[in-house]
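Chemist: Below: one structure in structure tokens.
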There are 2 protein chains.
Amino acid sequence: MPDINQLSVLEGSENSSTNGMQKRLAAIRSSQDRCSLLFESLNGVIGELEDNYKLSSDKGSSDECSSDKSSNNGSSRKNKSLSPILLKKSSDNEFSAYDDRYPMTDPFDSSLVVIGPSGTSIGRHFYNTIQWSSSSAATRQLLVNIFPGEVLATHTLTGKPSPAFLGRERPSKDQLDPAKTTDIVYIVTNKCGVSAREVRATITTKCADSAKKYRKKRMTF
Amino acid sequence: MPDINQLSVLEGSENSSTNGMQKRLAAIRSSQDRCSLLFESLNGVIGELEDNYKLSSDKGSSDECSSDKSSNNGSSRKNKSLSPILLKKSSDNEFSAYDDRYPMTDPFDSSLVVIGPSGTSIGRHFYNTIQWSSSSAATRQLLVNIFPGEVLATHTLTGKPSPAFLGRERPSKDQLDPAKTTDIVYIVTNKCGVSAREVRATITTKCADSAKKYRKKRMTF
DNA sequence: GTTCCAATTGGAA
DNA sequence: GTTCCAATTGGAA
């Protein structure tokens, strides 16, 4: 969560800040992390309950067709009451840096949704299919939508070689466009209430898995 | 949320902290208060969803309800059905099968505290010094208290070799006593509200760091 | 077919 | 001096 990291600025501005203060900040940070986890947990519960509810209330409709959701009468009330609260939660969860403008509709193309301050945009339809109830699923969905599979296979989060493979270097990989990855981290941390660390780990793993996939393809030649 | 309450301790011991810092801390505190409110709100949503769900699906739902659910009578149903879901979710986050008995005083030695179902015990005085506000700090404190430094340096969580170093094997390491590591995971997940994954990652890292330390010592010979 | 796990590393924080 | 980061791997889940 970006806001917490910003707290480190404090240390710079105050030369008098003590070790004790560091500890306090660490304590705050970790309790906020726990908050995030709890949010995720609650989100999961809500998603589950909602799924059950939908399942039994209107059996025919598939889950995530959201486009015509707003046109529902009566029964849509429950859906409606759910979303705003969840959104409110997300924004409040980001104690500071959260910018209410994102996600926002692309001002030049209403079929696009801008997901973060760096301006990364994705299709609205795809956006509506993202499973925010799982931060790793959401992260991976965003990755495969934003980057071609081969880019994922040939790039990494940082572009740096593994320190564990020094002197045994693998073909070096470029860095995924940082503007896009930071926007992914931005939207997932905000929508799912998880730490940036977690999202970044998922990106790292997804790249590794993609590379593995392409490596296998090569083997078959 | 116990963690947030613990933060109030911060106020007790401020000596050098500046006015600006106070304000920032106040801001954090208030946002955490908001957090608490949101939890209540989310809980309300869950209740509402569940009521709706109950209302519309009183016909043998198939989901993951436990075996004894069918034996419930009408009135107890709502309370009972919500809890399992929350518990289930919780266990995903490793608040898991929380057993109120732990931590407990060692029945044979009141100076010891048993931290988990496997019976790992630690000194009461040490127990009282654990920083539960940081899951990684708490995990590391427990590790160094329970295992000698050299054991940490020569063991790993699983005892398995790194798959990334096949054909280039490092001297193999034994597995840390699983009874003890599971108890560490148990107590930290419960006290800090973090996932088992996170605690296990910290254990892995601590072992790696310890091994590094001892490796350096060797280098100096 | 995809996601997740954890051991290892050097250096950054 | 210690903790944290992320790339890489094979296989488990």
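Each chain in the structure tokens gets a letter, A, B and so on, in the order shown; residues start at 1 in every chain, and ligands are counted from 1 in the order they appear.
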Pick out the chain D residues within 10 Å of chain A. Count only C-alpha atoms (C1' of nucleotides). Give them as a list of chain:residue names.
Modeler: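 Contact residues on the first chain: D:DC5, D:DA6, D:DA7, D:DT8, D:DT9.
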Chemist: Considering only C-alpha atoms, can you say which of B:Lys216, B:Cys192, B:Gly123, B:Met104 comes closest to chain A?
Modeler: B:Cys192
Chemist: Quick one: residues within 10 Å of Phe147 in chain A, only C-alpha atoms (C1' of nucleotides), excluding same-chain residues fewer than 6 positions away - as a PyMOL selection string?
Modeler: chain A and resi 153+176-177+180
Chemist: Pick out the closest residue to chain B from this set: A:Lys213, A:Ala179, A:Ser133, A:Phe126. Count only C-alpha atoms.
Modeler: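 Residue with the minimum atom-to-atom distance to chain B: A:Ser133.
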Chemist: Given only C-alpha atoms as the basis, pick out the residue of A:Ile187, A:Ile122, A:Leu152, A:Val194 nearest to chain B.
Modeler: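 Checking each candidate against chain B, we get A:Val194 as the closest.
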Chemist: CA of Thr154 in chain B and CA of Thr181 in chain B, how far apart in Å?
Modeler: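 Straight-line distance from CA of Thr181 in chain B to CA of Thr154 in chain B works out to 15.0 Å.
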Chemist: Excluding range 136-143 of chain A and any residue of its chain fewer than 2 positions from it, enumerate the residues within 7 Å of it, using only C-alpha atoms (C1' of nucleotides), and give them as a list in words.
Modeler: Ile130, Gln131, Trp132, Ser134, Asn145, Ile146, Phe147, Ile184, Val188, Val199, Thr202 and Lys206 of chain A
Chemist: At what distance in Å, to one decimal, does CA of Glu198 in chain B lie from CA of Pro178 in chain A?
Modeler: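 Straight-line distance from CA of Pro178 in chain A to CA of Glu198 in chain B works out to 25.5 Å.
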Chemist: Could you tell me, as a list in words, which residues of range 102-207 of chain A DSSP assigns to strand (DSSP E) when given the backbone?
Modeler: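 Answer for range 102-207 of chain A, restricted to strand (DSSP E): Met104, Thr105, Leu112, Val113, Val114, Ser121, Ile122, Gly123, His155, Thr156, Asp174 and Gln175 of chain A.
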Chemist: Hey, can you spit out that residue selection with N, CA and C atoms as a PDB file, in the first residue's frame?
Modeler:
```pdb
ATOM      1  N   MET A 104     -11.307   5.083 -13.798  1.00  0.00           N
ATOM      2  CA  MET A 104     -12.192   6.060 -14.414  1.00  0.00           C
ATOM      3  C   MET A 104     -12.394   5.729 -15.887  1.00  0.00           C
ATOM      4  N   THR A 105     -13.468   6.240 -16.406  1.00  0.00           N
ATOM      5  CA  THR A 105     -13.713   6.046 -17.836  1.00  0.00           C
ATOM      6  C   THR A 105     -12.760   6.913 -18.645  1.00  0.00           C
ATOM      7  N   LEU A 112     -13.279   2.343 -22.762  1.00  0.00           N
ATOM      8  CA  LEU A 112     -12.054   2.024 -22.022  1.00  0.00           C
ATOM      9  C   LEU A 112     -12.136   2.503 -20.577  1.00  0.00           C
ATOM     10  N   VAL A 113     -11.408   1.808 -19.726  1.00  0.00           N
ATOM     11  CA  VAL A 113     -11.326   2.189 -18.315  1.00  0.00           C
ATOM     12  C   VAL A 113      -9.861   2.426 -17.976  1.00  0.00           C
ATOM     13  N   VAL A 114      -9.569   3.586 -17.428  1.00  0.00           N
ATOM     14  CA  VAL A 114      -8.211   3.888 -16.993  1.00  0.00           C
ATOM     15  C   VAL A 114      -8.056   3.385 -15.563  1.00  0.00           C
ATOM     16  N   SER A 121      -4.941   1.809 -19.716  1.00  0.00           N
ATOM     17  CA  SER A 121      -6.377   1.597 -19.872  1.00  0.00           C
ATOM     18  C   SER A 121      -6.676   0.207 -20.410  1.00  0.00           C
ATOM     19  N   ILE A 122      -7.829  -0.291 -20.054  1.00  0.00           N
ATOM     20  CA  ILE A 122      -8.264  -1.613 -20.493  1.00  0.00           C
ATOM     21  C   ILE A 122      -9.714  -1.529 -20.931  1.00  0.00           C
ATOM     22  N   GLY A 123     -10.154  -2.524 -21.664  1.00  0.00           N
ATOM     23  CA  GLY A 123     -11.536  -2.526 -22.147  1.00  0.00           C
ATOM     24  C   GLY A 123     -12.524  -2.615 -21.001  1.00  0.00           C
ATOM     25  N   HIS A 155       9.939 -11.004 -20.241  1.00  0.00           N
ATOM     26  CA  HIS A 155      10.194  -9.851 -19.386  1.00  0.00           C
ATOM     27  C   HIS A 155      10.004 -10.237 -17.927  1.00  0.00           C
ATOM     28  N   THR A 156      10.518  -9.384 -17.073  1.00  0.00           N
ATOM     29  CA  THR A 156      10.281  -9.571 -15.639  1.00  0.00           C
ATOM     30  C   THR A 156       9.893  -8.229 -15.028  1.00  0.00           C
ATOM     31  N   ASP A 174      14.014  -8.179 -20.331  1.00  0.00           N
ATOM     32  CA  ASP A 174      13.726  -6.768 -20.149  1.00  0.00           C
ATOM     33  C   ASP A 174      12.691  -6.571 -19.050  1.00  0.00           C
ATOM     34  N   GLN A 175      12.549  -5.316 -18.681  1.00  0.00           N
ATOM     35  CA  GLN A 175      11.572  -4.989 -17.649  1.00  0.00           C
ATOM     36  C   GLN A 175      10.206  -4.743 -18.277  1.00  0.00           C
TER      37      GLN A 175
END
```
